[in-house]
$ cat data.pdb   # PDB, C-alpha atoms and all ligand atoms
ATOM      1  CA  MET A   1      11.710  10.514 -32.104
ATOM      2  CA  THR A   2       9.213   7.870 -31.073
ATOM      3  CA  THR A   3       7.997   7.282 -27.543
ATOM      4  CA  LEU A   4       6.876   3.830 -26.405
ATOM      5  CA  ILE A   5       4.688   2.915 -23.430
ATOM      6  CA  THR A   6       4.738  -0.593 -21.953
ATOM      7  CA  GLY A   7       1.667  -1.938 -20.159
ATOM      8  CA  ALA A   8      -0.452   0.229 -22.437
ATOM      9  CA  THR A   9      -3.486  -2.034 -22.075
ATOM     10  CA  GLY A  10      -3.407  -1.643 -18.293
ATOM     11  CA  GLN A  11      -5.334   0.970 -16.341
ATOM     12  CA  LEU A  12      -2.468   3.440 -15.942
ATOM     13  CA  GLY A  13      -1.044   2.813 -19.420
ATOM     14  CA  THR A  14      -4.414   3.419 -21.096
ATOM     15  CA  LEU A  15      -4.607   6.815 -19.403
ATOM     16  CA  VAL A  16      -0.989   7.691 -20.245
ATOM     17  CA  VAL A  17      -1.650   7.028 -23.943
ATOM     18  CA  LYS A  18      -4.812   9.147 -23.785
ATOM     19  CA  HIS A  19      -2.924  12.092 -22.257
ATOM     20  CA  LEU A  20       0.019  11.667 -24.609
ATOM     21  CA  LEU A  21      -2.278  11.760 -27.650
ATOM     22  CA  ASP A  22      -3.213  15.273 -26.459
ATOM     23  CA  ARG A  23       0.453  16.274 -26.572
ATOM     24  CA  LEU A  24       2.183  14.391 -29.409
ATOM     25  CA  PRO A  25       1.218  13.410 -32.963
ATOM     26  CA  VAL A  26       0.014   9.806 -33.055
ATOM     27  CA  SER A  27       2.849   9.000 -35.482
ATOM     28  CA  GLU A  28       5.293   9.535 -32.588
ATOM     29  CA  ILE A  29       3.551   7.137 -30.190
ATOM     30  CA  ALA A  30       4.160   3.389 -29.902
ATOM     31  CA  VAL A  31       3.058   0.866 -27.291
ATOM     32  CA  SER A  32       4.167  -2.609 -26.339
ATOM     33  CA  VAL A  33       1.501  -5.003 -25.143
ATOM     34  CA  ARG A  34       1.370  -8.665 -24.210
ATOM     35  CA  THR A  35      -1.940  -9.272 -25.978
ATOM     36  CA  SER A  36      -2.347  -7.450 -29.278
ATOM     37  CA  ALA A  37      -6.106  -8.075 -29.353
ATOM     38  CA  LYS A  38      -6.469  -5.822 -26.290
ATOM     39  CA  ALA A  39      -4.847  -2.953 -28.242
ATOM     40  CA  GLU A  40      -7.055  -2.992 -31.352
ATOM     41  CA  ASN A  41      -8.534   0.383 -30.398
ATOM     42  CA  LEU A  42      -5.035   1.882 -30.201
ATOM     43  CA  ALA A  43      -4.040   0.385 -33.556
ATOM     44  CA  ALA A  44      -7.222   1.862 -35.064
ATOM     45  CA  LEU A  45      -6.139   5.300 -33.828
ATOM     46  CA  GLY A  46      -2.814   4.888 -35.648
ATOM     47  CA  VAL A  47      -0.677   4.014 -32.630
ATOM     48  CA  ASP A  48       2.229   1.704 -33.491
ATOM     49  CA  VAL A  49       1.327  -1.468 -31.527
ATOM     50  CA  ARG A  50       4.204  -3.836 -30.796
ATOM     51  CA  HIS A  51       4.301  -7.183 -29.033
ATOM     52  CA  GLY A  52       6.289  -7.207 -25.779
ATOM     53  CA  ASP A  53       6.600  -9.226 -22.599
ATOM     54  CA  PHE A  54       9.088  -8.538 -19.805
ATOM     55  CA  ASP A  55       9.667 -12.310 -19.557
ATOM     56  CA  ASP A  56      11.173 -12.370 -23.068
ATOM     57  CA  LEU A  57      14.355 -10.360 -23.674
ATOM     58  CA  ALA A  58      14.515 -10.983 -27.432
ATOM     59  CA  LEU A  59      10.859 -10.035 -27.959
ATOM     60  CA  MET A  60      11.245  -6.932 -25.788
ATOM     61  CA  THR A  61      14.401  -5.869 -27.652
ATOM     62  CA  THR A  62      12.567  -6.120 -30.969
ATOM     63  CA  ALA A  63       9.646  -4.149 -29.517
ATOM     64  CA  PHE A  64      12.001  -1.317 -28.482
ATOM     65  CA  LYS A  65      13.785  -1.032 -31.868
ATOM     66  CA  GLY A  66      13.881   2.527 -33.223
ATOM     67  CA  ILE A  67      12.419   3.991 -30.030
ATOM     68  CA  GLU A  68      14.006   7.029 -28.372
ATOM     69  CA  THR A  69      12.112   7.148 -25.037
ATOM     70  CA  VAL A  70      10.390   4.288 -23.205
ATOM     71  CA  LEU A  71       7.979   4.468 -20.292
ATOM     72  CA  ILE A  72       8.384   1.249 -18.314
ATOM     73  CA  ILE A  73       5.177   0.745 -16.357
ATOM     74  CA  SER A  74       6.001  -1.591 -13.488
ATOM     75  CA  ALA A  75       4.515  -5.086 -13.763
ATOM     76  CA  GLU A  76       2.604  -7.154 -11.201
ATOM     77  CA  ALA A  77       4.254 -10.256  -9.701
ATOM     78  CA  ASP A  78       6.204 -11.373  -6.645
ATOM     79  CA  ASN A  79       9.410  -9.473  -5.882
ATOM     80  CA  ALA A  80      11.947 -11.866  -7.406
ATOM     81  CA  THR A  81       9.928 -12.275 -10.626
ATOM     82  CA  ARG A  82       9.246  -8.581 -10.997
ATOM     83  CA  ILE A  83      12.848  -7.544 -10.337
ATOM     84  CA  ALA A  84      13.946  -9.942 -13.090
ATOM     85  CA  GLN A  85      11.210  -8.678 -15.456
ATOM     86  CA  HIS A  86      12.132  -5.039 -14.952
ATOM     87  CA  ARG A  87      15.830  -5.819 -15.422
ATOM     88  CA  THR A  88      14.934  -7.582 -18.683
ATOM     89  CA  ALA A  89      13.077  -4.483 -19.852
ATOM     90  CA  VAL A  90      16.107  -2.305 -19.060
ATOM     91  CA  ASP A  91      18.499  -4.741 -20.791
ATOM     92  CA  ALA A  92      16.222  -4.781 -23.836
ATOM     93  CA  ALA A  93      16.114  -0.992 -23.962
ATOM     94  CA  LYS A  94      19.864  -0.772 -23.847
ATOM     95  CA  ALA A  95      20.286  -3.466 -26.503
ATOM     96  CA  ALA A  96      17.759  -1.741 -28.776
ATOM     97  CA  GLY A  97      19.458   1.662 -28.543
ATOM     98  CA  VAL A  98      16.805   3.445 -26.464
ATOM     99  CA  LYS A  99      18.130   6.764 -25.135
ATOM    100  CA  HIS A 100      15.858   7.552 -22.190
ATOM    101  CA  LEU A 101      13.934   5.378 -19.721
ATOM    102  CA  VAL A 102      11.019   6.759 -17.728
ATOM    103  CA  TYR A 103       9.929   4.449 -14.914
ATOM    104  CA  THR A 104       6.852   4.329 -12.667
ATOM    105  CA  SER A 105       8.435   3.857  -9.253
ATOM    106  CA  ILE A 106       7.028   4.319  -5.748
ATOM    107  CA  ILE A 107       7.372   7.079  -3.180
ATOM    108  CA  ASP A 108      10.539   6.588  -1.096
ATOM    109  CA  PRO A 109      11.672   3.233  -2.544
ATOM    110  CA  ARG A 110      13.535   1.255   0.114
ATOM    111  CA  ALA A 111      14.883  -2.274   0.463
ATOM    112  CA  ASP A 112      13.579  -2.563   4.042
ATOM    113  CA  ALA A 113      10.168  -0.899   3.664
ATOM    114  CA  ASP A 114       7.169  -2.596   5.276
ATOM    115  CA  PHE A 115       5.448  -2.155   1.899
ATOM    116  CA  THR A 116       7.382  -5.086   0.455
ATOM    117  CA  TYR A 117       7.007  -4.080  -3.207
ATOM    118  CA  SER A 118       9.083  -0.984  -2.422
ATOM    119  CA  ALA A 119      12.264  -3.067  -2.714
ATOM    120  CA  ILE A 120      11.417  -3.892  -6.342
ATOM    121  CA  HIS A 121      11.313  -0.217  -7.230
ATOM    122  CA  LEU A 122      14.614   0.509  -5.523
ATOM    123  CA  ASP A 123      16.253  -2.335  -7.455
ATOM    124  CA  THR A 124      14.787  -1.162 -10.759
ATOM    125  CA  GLU A 125      15.801   2.472 -10.174
ATOM    126  CA  ASN A 126      19.357   1.394  -9.350
ATOM    127  CA  TYR A 127      19.503  -0.933 -12.358
ATOM    128  CA  ILE A 128      18.326   1.854 -14.644
ATOM    129  CA  LYS A 129      20.963   4.220 -13.246
ATOM    130  CA  GLU A 130      23.636   1.552 -13.775
ATOM    131  CA  SER A 131      22.512   1.128 -17.398
ATOM    132  CA  GLY A 132      23.916   4.584 -18.176
ATOM    133  CA  LEU A 133      20.761   5.556 -20.105
ATOM    134  CA  ASN A 134      19.053   8.849 -19.383
ATOM    135  CA  TYR A 135      16.274   8.310 -16.886
ATOM    136  CA  THR A 136      13.291   9.926 -15.212
ATOM    137  CA  PHE A 137      11.790   8.349 -12.118
ATOM    138  CA  LEU A 138       8.111   8.946 -11.434
ATOM    139  CA  ARG A 139       7.798   8.032  -7.770
ATOM    140  CA  ASN A 140       4.052   7.521  -7.644
ATOM    141  CA  SER A 141       2.138   7.588  -4.392
ATOM    142  CA  PHE A 142      -0.831   5.275  -3.903
ATOM    143  CA  TYR A 143      -3.801   5.435  -6.264
ATOM    144  CA  ALA A 144      -6.892   7.122  -4.819
ATOM    145  CA  ASP A 145      -8.753   4.695  -7.095
ATOM    146  CA  LEU A 146      -7.841   1.863  -4.694
ATOM    147  CA  LEU A 147     -10.056   3.468  -2.053
ATOM    148  CA  LEU A 148     -13.192   2.678  -4.049
ATOM    149  CA  ALA A 149     -12.806  -1.080  -3.464
ATOM    150  CA  GLY A 150     -14.168  -0.778   0.083
ATOM    151  CA  VAL A 151     -17.172   1.336  -0.886
ATOM    152  CA  PRO A 152     -19.756  -1.417  -1.654
ATOM    153  CA  HIS A 153     -19.121  -3.023   1.757
ATOM    154  CA  ALA A 154     -19.299   0.385   3.443
ATOM    155  CA  LEU A 155     -22.652   1.077   1.797
ATOM    156  CA  GLU A 156     -23.988  -2.279   3.043
ATOM    157  CA  THR A 157     -22.675  -2.107   6.589
ATOM    158  CA  GLY A 158     -21.897   1.553   7.354
ATOM    159  CA  ALA A 159     -18.284   0.576   8.113
ATOM    160  CA  TYR A 160     -15.377   1.589   5.880
ATOM    161  CA  GLY A 161     -12.658  -0.799   7.035
ATOM    162  CA  ALA A 162      -8.863  -0.737   6.807
ATOM    163  CA  PRO A 163      -6.024  -1.442   9.257
ATOM    164  CA  ALA A 164      -4.976   2.184   8.940
ATOM    165  CA  GLY A 165      -5.323   3.692  12.427
ATOM    166  CA  ASP A 166      -4.489   7.387  12.217
ATOM    167  CA  ALA A 167      -2.131   6.904   9.258
ATOM    168  CA  LYS A 168      -2.051   9.731   6.744
ATOM    169  CA  ILE A 169      -1.449   8.734   3.124
ATOM    170  CA  THR A 170      -0.878  10.989   0.111
ATOM    171  CA  TYR A 171      -3.309   9.189  -2.219
ATOM    172  CA  ILE A 172      -3.501  10.633  -5.751
ATOM    173  CA  PRO A 173      -5.803   9.684  -8.655
ATOM    174  CA  ARG A 174      -4.328   7.314 -11.230
ATOM    175  CA  ASN A 175      -5.465   9.704 -13.950
ATOM    176  CA  ASP A 176      -3.298  12.482 -12.498
ATOM    177  CA  LEU A 177      -0.267  10.183 -12.369
ATOM    178  CA  ALA A 178      -0.917   9.317 -16.022
ATOM    179  CA  GLU A 179      -1.028  12.982 -16.976
ATOM    180  CA  ALA A 180       2.255  13.649 -15.153
ATOM    181  CA  ALA A 181       3.834  10.764 -17.082
ATOM    182  CA  ALA A 182       2.527  12.182 -20.368
ATOM    183  CA  VAL A 183       3.995  15.606 -19.551
ATOM    184  CA  VAL A 184       7.416  13.994 -19.107
ATOM    185  CA  LEU A 185       7.094  11.830 -22.232
ATOM    186  CA  ALA A 186       6.067  14.781 -24.386
ATOM    187  CA  ASN A 187       9.338  16.608 -23.580
ATOM    188  CA  PRO A 188      11.750  14.047 -22.116
ATOM    189  CA  LYS A 189      14.795  16.253 -22.675
ATOM    190  CA  ASN A 190      13.450  18.618 -19.980
ATOM    191  CA  HIS A 191      13.486  15.790 -17.446
ATOM    192  CA  ILE A 192      16.828  14.044 -17.917
ATOM    193  CA  ASN A 193      17.948  12.243 -14.734
ATOM    194  CA  ALA A 194      15.147  13.831 -12.703
ATOM    195  CA  THR A 195      13.196  12.152  -9.918
ATOM    196  CA  TYR A 196       9.665  13.320  -9.123
ATOM    197  CA  ASP A 197       7.668  12.553  -5.977
ATOM    198  CA  LEU A 198       4.094  12.442  -7.244
ATOM    199  CA  THR A 199       1.744  12.730  -4.278
ATOM    200  CA  GLY A 200      -1.647  14.135  -3.518
ATOM    201  CA  ALA A 201      -1.722  17.739  -2.293
ATOM    202  CA  LYS A 202      -2.786  16.511   1.160
ATOM    203  CA  ALA A 203      -2.196  13.364   3.211
ATOM    204  CA  VAL A 204      -5.552  11.990   4.331
ATOM    205  CA  THR A 205      -6.620   9.633   7.113
ATOM    206  CA  HIS A 206      -9.146   6.853   6.623
ATOM    207  CA  THR A 207     -11.472   8.684   8.997
ATOM    208  CA  GLU A 208     -11.464  11.540   6.476
ATOM    209  CA  ILE A 209     -11.895   9.125   3.567
ATOM    210  CA  ALA A 210     -14.942   7.548   5.249
ATOM    211  CA  SER A 211     -16.389  11.041   5.749
ATOM    212  CA  TYR A 212     -15.900  11.823   2.034
ATOM    213  CA  ILE A 213     -17.786   8.613   1.129
ATOM    214  CA  ALA A 214     -20.545   9.503   3.593
ATOM    215  CA  LYS A 215     -20.842  13.005   2.127
ATOM    216  CA  ALA A 216     -20.872  11.754  -1.473
ATOM    217  CA  THR A 217     -23.501   9.068  -0.866
ATOM    218  CA  GLY A 218     -25.581  10.685   1.884
ATOM    219  CA  LYS A 219     -25.134   7.482   3.934
ATOM    220  CA  ASP A 220     -23.999   7.160   7.545
ATOM    221  CA  ILE A 221     -20.514   5.693   7.062
ATOM    222  CA  THR A 222     -17.656   5.688   9.563
ATOM    223  CA  PHE A 223     -14.134   4.331   9.508
ATOM    224  CA  ALA A 224     -13.557   0.914  11.129
ATOM    225  CA  ASP A 225      -9.934   0.390  12.154
ATOM    226  CA  LEU A 226      -9.428  -3.302  11.331
ATOM    227  CA  PRO A 227      -6.980  -5.450  13.298
ATOM    228  CA  ALA A 228      -4.125  -6.445  10.958
ATOM    229  CA  ASP A 229      -4.956 -10.178  11.145
ATOM    230  CA  VAL A 230      -8.606  -9.556  10.220
ATOM    231  CA  HIS A 231      -7.475  -7.488   7.216
ATOM    232  CA  VAL A 232      -5.081 -10.237   6.071
ATOM    233  CA  GLY A 233      -7.856 -12.820   6.515
ATOM    234  CA  ILE A 234     -10.181 -10.786   4.267
ATOM    235  CA  LEU A 235      -7.508 -10.389   1.570
ATOM    236  CA  ASN A 236      -6.737 -14.121   1.665
ATOM    237  CA  SER A 237     -10.430 -15.007   1.543
ATOM    238  CA  ILE A 238     -10.884 -13.112  -1.737
ATOM    239  CA  GLY A 239      -8.031 -15.105  -3.266
ATOM    240  CA  LEU A 240      -5.309 -12.461  -3.628
ATOM    241  CA  PRO A 241      -1.802 -13.894  -4.168
ATOM    242  CA  GLY A 242       0.344 -14.101  -1.032
ATOM    243  CA  HIS A 243       2.860 -11.500  -2.213
ATOM    244  CA  LEU A 244       0.068  -8.960  -2.762
ATOM    245  CA  VAL A 245      -1.495  -9.674   0.641
ATOM    246  CA  GLU A 246       1.927  -9.162   2.238
ATOM    247  CA  ALA A 247       2.476  -5.900   0.349
ATOM    248  CA  LEU A 248      -0.973  -4.482   1.173
ATOM    249  CA  ALA A 249      -0.653  -5.399   4.855
ATOM    250  CA  GLY A 250       2.825  -3.862   4.929
ATOM    251  CA  LEU A 251       1.589  -0.686   3.266
ATOM    252  CA  TYR A 252      -0.540   0.090   6.328
ATOM    253  CA  VAL A 253       2.214  -0.903   8.785
ATOM    254  CA  GLY A 254       4.549   1.531   7.028
ATOM    255  CA  ALA A 255       1.877   4.200   6.692
ATOM    256  CA  LYS A 256       1.244   4.101  10.443
ATOM    257  CA  LYS A 257       4.947   4.899  10.891
ATOM    258  CA  GLY A 258       4.529   7.922   8.598
ATOM    259  CA  ASP A 259       6.089   6.400   5.457
ATOM    260  CA  TYR A 260       3.537   7.840   3.016
ATOM    261  CA  GLU A 261       2.454  11.138   4.587
ATOM    262  CA  THR A 262       4.973  13.545   3.071
ATOM    263  CA  VAL A 263       3.398  15.864   0.517
ATOM    264  CA  SER A 264       5.441  17.022  -2.484
ATOM    265  CA  ASP A 265       4.603  19.780  -4.948
ATOM    266  CA  ASP A 266       6.402  18.000  -7.816
ATOM    267  CA  PHE A 267       3.059  17.165  -9.453
ATOM    268  CA  GLU A 268       2.058  20.829  -9.580
ATOM    269  CA  THR A 269       5.493  21.810 -10.879
ATOM    270  CA  LEU A 270       5.231  19.253 -13.688
ATOM    271  CA  VAL A 271       1.595  19.539 -14.704
ATOM    272  CA  GLY A 272       0.873  23.168 -13.784
ATOM    273  CA  ARG A 273      -2.074  22.483 -11.488
ATOM    274  CA  LYS A 274      -2.715  20.715  -8.208
ATOM    275  CA  PRO A 275      -3.776  17.058  -8.347
ATOM    276  CA  GLN A 276      -7.458  16.328  -7.864
ATOM    277  CA  SER A 277      -8.170  16.017  -4.127
ATOM    278  CA  VAL A 278      -9.216  12.657  -2.708
ATOM    279  CA  GLU A 279     -12.482  14.266  -1.623
ATOM    280  CA  ASP A 280     -13.276  15.445  -5.168
ATOM    281  CA  PHE A 281     -12.109  12.152  -6.662
ATOM    282  CA  ILE A 282     -14.478  10.181  -4.403
ATOM    283  CA  ARG A 283     -17.378  12.575  -4.910
ATOM    284  CA  ILE A 284     -17.098  12.420  -8.697
ATOM    285  CA  ALA A 285     -16.551   8.634  -8.754
ATOM    286  CA  LEU A 286     -19.602   7.994  -6.556
ATOM    287  CA  THR A 287     -22.020  10.502  -8.020
ATOM    288  CA  ASN A 288     -21.486   9.998 -11.761
TER     289      ASN A 288
HETATM  290  N1  LIG B 301       0.758   3.338  -6.931
HETATM  291  C1  LIG B 301      -0.221   2.464  -6.699
HETATM  292  O1  LIG B 301      -1.134   2.691  -5.875
HETATM  293  C2  LIG B 301      -0.281   1.175  -7.465
HETATM  294  C3  LIG B 301      -1.357   0.304  -7.268
HETATM  295  C4  LIG B 301      -1.400  -0.883  -7.984
HETATM  296  C5  LIG B 301      -0.363  -1.188  -8.874
HETATM  297  N2  LIG B 301       0.659  -0.323  -9.055
HETATM  298  C6  LIG B 301       1.775  -0.600  -9.987
HETATM  299  O2  LIG B 301       1.566   0.224 -11.124
HETATM  300  C7  LIG B 301       1.439  -0.599 -12.306
HETATM  301  C8  LIG B 301       0.397   0.016 -13.222
HETATM  302  O3  LIG B 301      -0.840   0.099 -12.521
HETATM  303  P1  LIG B 301      -2.192  -0.285 -13.240
HETATM  304  O4  LIG B 301      -3.263   0.118 -12.334
HETATM  305  O5  LIG B 301      -2.164   0.189 -14.646
HETATM  306  O6  LIG B 301      -2.076  -1.884 -13.252
HETATM  307  P2  LIG B 301      -2.749  -2.873 -14.337
HETATM  308  O7  LIG B 301      -4.026  -2.331 -14.823
HETATM  309  O8  LIG B 301      -2.732  -4.221 -13.683
HETATM  310  O9  LIG B 301      -1.711  -2.851 -15.552
HETATM  311  C9  LIG B 301      -0.476  -3.486 -15.452
HETATM  312  C10 LIG B 301       0.098  -3.562 -16.845
HETATM  313  O10 LIG B 301       1.368  -4.225 -16.767
HETATM  314  C11 LIG B 301       1.419  -5.155 -17.827
HETATM  315  N3  LIG B 301       2.300  -6.270 -17.504
HETATM  316  C12 LIG B 301       2.214  -7.115 -16.455
HETATM  317  N4  LIG B 301       3.162  -8.050 -16.547
HETATM  318  C13 LIG B 301       3.856  -7.788 -17.674
HETATM  319  C14 LIG B 301       4.931  -8.420 -18.343
HETATM  320  N5  LIG B 301       5.496  -9.553 -17.865
HETATM  321  N6  LIG B 301       5.398  -7.877 -19.497
HETATM  322  C15 LIG B 301       4.828  -6.757 -20.011
HETATM  323  N7  LIG B 301       3.794  -6.122 -19.436
HETATM  324  C16 LIG B 301       3.311  -6.640 -18.281
HETATM  325  C17 LIG B 301      -0.006  -5.646 -17.980
HETATM  326  O11 LIG B 301      -0.168  -6.199 -19.274
HETATM  327  P3  LIG B 301      -1.541  -6.944 -19.723
HETATM  328  O12 LIG B 301      -2.490  -5.819 -20.090
HETATM  329  O13 LIG B 301      -1.115  -7.756 -20.853
HETATM  330  O14 LIG B 301      -1.990  -7.736 -18.520
HETATM  331  C18 LIG B 301      -0.784  -4.360 -17.792
HETATM  332  O15 LIG B 301      -0.902  -3.660 -19.003
HETATM  333  C19 LIG B 301       1.068  -1.990 -11.761
HETATM  334  O16 LIG B 301       1.460  -3.005 -12.656
HETATM  335  C20 LIG B 301       1.841  -2.023 -10.460
HETATM  336  O17 LIG B 301       3.211  -2.351 -10.680
HETATM  337  C21 LIG B 301       0.729   0.863  -8.386
END
$ encode --input "data.pdb" --output "structure tokens"
Amino acid sequence: MTTLITGATGQLGTLVVKHLLDRLPVSEIAVSVRTSAKAENLAALGVDVRHGDFDDLALMTTAFKGIETVLIISAEADNATRIAQHRTAVDAAKAAGVKHLVYTSIIDPRADADFTYSAIHLDTENYIKESGLNYTFLRNSFYADLLLAGVPHALETGAYGAPAGDAKITYIPRNDLAEAAAVVLANPKNHINATYDLTGAKAVTHTEIASYIAKATGKDITFADLPADVHVGILNSIGLPGHLVEALAGLYVGAKKGDYETVSDDFETLVGRKPQSVEDFIRIALTN
């Protein structure tokens, strides 16, 4: 009855393993990682560390051998590459005899979403369903953690910039999404073929976010609504890959249309408490 987490050396995966260690004996937890050296701490804890890469079907199939439930944490690449990688992970799971796939998807996955990565998640969800394996989809909203990237600039200039207008977005801390995943992985049979919309308890505007940063730091900070082309120019200037720039720009275009403002109580139903608010997340991140 072993559970395996892919991407366990990433930020979300690290937190999922931490929360799962609170819920399952270490002997029931395995991870697959691309670089074993990054997982030495997990191996020292007694976690079964396996070598896996979504670009390698044979390696992935070996990594999944003897595993009952796998959490596929979505990878990071352009759409065509990532769709192929996720399909490889699903094929490997099926070939290895895995019974249940849990997948970190996105809120409202759509082929035509302005947030271009959304199409990847729709493809992966459909491919998992077609595999015939049991599944659980964790449709994660956007990480509140992402909001911290603009804080140093805001502290320097007083302007917290984003091309967000009045968009409301249901940001939720990555740590809460990890705990929700661990709850599912600890008792997967309770979540067979379920889909969960994991959002914050409130959709917040960037004006509110700027006010939370101001309150936490005691600085005079206000929201600056960036023109879309200025935002894209900034993202390009810091060297982000084109597919990521396109996805981030599209996220705000979609958000302004209301794509990411719908609050769900699925998190509370799963975990038994409300997610940490964006205000509390920012206060704790900036005052500790
Ligand atoms: N909801 C949101 O707001 C949001 C924001 C950003 C990203 N995401 C998605 O959520 C995922 C997890 O987020 P995160 O913050 O934990 O990202 P992260 O820290 O970049 O971790 C991504 C993990 O995916 C692994 N990975 C990448 N390519 C892989 C491949 N070809 N085969 C196997 N593993 C591969 C990485 O392995 P290594 O450790 O070996 O590099 C890493 O462990 C991201 O990859 C992305 O798809 C969601």
$ residues_near_ligand --input "data.pdb" --ligand "ligand LIG 301 (chain B)" --cutoff "7 Å" --atoms "only C-alpha atoms and all ligand atoms" --output "list in words"
Thr6, Gly7, Ala8, Thr9, Gly10, Gln11, Leu12, Gly13, Val33, Arg34, Thr35, Gly52, Asp53, Phe54, Asp55, Ile73, Ser74, Ala75, Glu76, Gln85, Thr104, Ile106, Asn140, Ser141, Phe142, Tyr143 and Leu146 of chain A
$ closest_residue --input "data.pdb" --among "A:Val90, A:Leu177, A:Leu147, A:Ile83" --to "Ala119 in chain A" --atoms "all atoms listed in the file"
A:Ile83
$ resolve_selection --input "data.pdb" --expression "the PyMOL selection byres (((chain A and resi 100) around 9) and not hetatm)" --output "mmCIF file with C-alpha atoms, in the frame of the given file"
data_model
loop_
_atom_site.group_PDB
_atom_site.id
_atom_site.type_symbol
_atom_site.label_atom_id
_atom_site.label_comp_id
_atom_site.auth_asym_id
_atom_site.auth_seq_id
_atom_site.Cartn_x
_atom_site.Cartn_y
_atom_site.Cartn_z
ATOM 1 C CA GLU A 68 14.006 7.029 -28.372
ATOM 2 C CA THR A 69 12.112 7.148 -25.037
ATOM 3 C CA VAL A 70 10.390 4.288 -23.205
ATOM 4 C CA LEU A 71 7.979 4.468 -20.292
ATOM 5 C CA ALA A 93 16.114 -0.992 -23.962
ATOM 6 C CA VAL A 98 16.805 3.445 -26.464
ATOM 7 C CA LYS A 99 18.130 6.764 -25.135
ATOM 8 C CA LEU A 101 13.934 5.378 -19.721
ATOM 9 C CA VAL A 102 11.019 6.759 -17.728
ATOM 10 C CA LEU A 133 20.761 5.556 -20.105
ATOM 11 C CA ASN A 134 19.053 8.849 -19.383
ATOM 12 C CA TYR A 135 16.274 8.310 -16.886
ATOM 13 C CA THR A 136 13.291 9.926 -15.212
ATOM 14 C CA PRO A 188 11.750 14.047 -22.116
ATOM 15 C CA LYS A 189 14.795 16.253 -22.675
ATOM 16 C CA ILE A 192 16.828 14.044 -17.917
#
$ resolve_selection --input "data.pdb" --expression "the PyMOL selection byres (((chain A and resi 255-257) around 7) and not hetatm)" --output "tab-separated table (two decimals) with C-alpha atoms, in the frame of the given file"
chain	number	residue	atom	x	y	z
A	164	ALA	CA	-4.98	2.18	8.94
A	165	GLY	CA	-5.32	3.69	12.43
A	166	ASP	CA	-4.49	7.39	12.22
A	167	ALA	CA	-2.13	6.90	9.26
A	168	LYS	CA	-2.05	9.73	6.74
A	169	ILE	CA	-1.45	8.73	3.12
A	251	LEU	CA	1.59	-0.69	3.27
A	252	TYR	CA	-0.54	0.09	6.33
A	253	VAL	CA	2.21	-0.90	8.78
A	254	GLY	CA	4.55	1.53	7.03
A	258	GLY	CA	4.53	7.92	8.60
A	259	ASP	CA	6.09	6.40	5.46
A	260	TYR	CA	3.54	7.84	3.02
$ residues_near_point --input "data.pdb" --point "(11.3, 4.3, -0.8)" --cutoff "10 Å" --atoms "all atoms listed in the file" --output "list in words"
Ser105, Ile106, Ile107, Asp108, Pro109, Arg110, Ala111, Asp112, Ala113, Phe115, Tyr117, Ser118, Ala119, Ile120, His121, Leu122, Arg139, Asp259 and Tyr260 of chain A
$ atom_distance --input "data.pdb" --atom1 "CA of Val245 in chain A" --atom2 "CA of Phe223 in chain A"
20.8 Å
$ atom_distance --input "data.pdb" --atom1 "CA of Leu270 in chain A" --atom2 "CA of Tyr196 in chain A"
8.7 Å
$ resolve_selection --input "data.pdb" --expression "the PyMOL selection byres (((chain A and resi 213-222) around 10) and not hetatm)" --output "short mmCIF file (atom, residue, chain, number, x, y, z; two decimals) with C-alpha atoms, in the coordinates of the input"
data_model
loop_
_atom_site.label_atom_id
_atom_site.label_comp_id
_atom_site.auth_asym_id
_atom_site.auth_seq_id
_atom_site.Cartn_x
_atom_site.Cartn_y
_atom_site.Cartn_z
CA LEU A 147 -10.06 3.47 -2.05
CA LEU A 148 -13.19 2.68 -4.05
CA VAL A 151 -17.17 1.34 -0.89
CA ALA A 154 -19.30 0.38 3.44
CA LEU A 155 -22.65 1.08 1.80
CA GLU A 156 -23.99 -2.28 3.04
CA THR A 157 -22.68 -2.11 6.59
CA GLY A 158 -21.90 1.55 7.35
CA ALA A 159 -18.28 0.58 8.11
CA TYR A 160 -15.38 1.59 5.88
CA GLY A 161 -12.66 -0.80 7.04
CA HIS A 206 -9.15 6.85 6.62
CA THR A 207 -11.47 8.68 9.00
CA GLU A 208 -11.46 11.54 6.48
CA ILE A 209 -11.90 9.12 3.57
CA ALA A 210 -14.94 7.55 5.25
CA SER A 211 -16.39 11.04 5.75
CA TYR A 212 -15.90 11.82 2.03
CA PHE A 223 -14.13 4.33 9.51
CA ALA A 224 -13.56 0.91 11.13
CA ASP A 225 -9.93 0.39 12.15
CA GLU A 279 -12.48 14.27 -1.62
CA ASP A 280 -13.28 15.44 -5.17
CA ILE A 282 -14.48 10.18 -4.40
CA ARG A 283 -17.38 12.58 -4.91
CA ILE A 284 -17.10 12.42 -8.70
CA ALA A 285 -16.55 8.63 -8.75
CA LEU A 286 -19.60 7.99 -6.56
CA THR A 287 -22.02 10.50 -8.02
#
$ axis_aligned_box --input "data.pdb" --around "range 55-65 of chain A" --padding-each-side "8 Å" --output "lines of an AutoDock Vina configuration file"
center_x = 12.1
center_y = -6.7
center_z = -25.7
size_x = 20.9
size_y = 27.3
size_z = 28.3
$ decode --input "data.pdb" --residues "range 214-224 of chain A" --atoms "C-alpha atoms" --output "mmCIF file, in the first residue's frame"
data_model
loop_
_atom_site.group_PDB
_atom_site.id
_atom_site.type_symbol
_atom_site.label_atom_id
_atom_site.label_comp_id
_atom_site.auth_asym_id
_atom_site.auth_seq_id
_atom_site.Cartn_x
_atom_site.Cartn_y
_atom_site.Cartn_z
ATOM 1 C CA ALA A 214 1.287 47.981 3.445
ATOM 2 C CA LYS A 215 -0.255 46.822 6.728
ATOM 3 C CA ALA A 216 2.341 44.082 7.257
ATOM 4 C CA THR A 217 5.335 46.328 6.558
ATOM 5 C CA GLY A 218 4.048 49.682 7.822
ATOM 6 C CA LYS A 219 5.024 51.191 4.442
ATOM 7 C CA ASP A 220 2.898 53.343 2.143
ATOM 8 C CA ILE A 221 2.230 50.893 -0.700
ATOM 9 C CA THR A 222 -0.527 51.094 -3.305
ATOM 10 C CA PHE A 223 -1.496 48.952 -6.258
ATOM 11 C CA ALA A 224 -0.239 50.055 -9.699
#
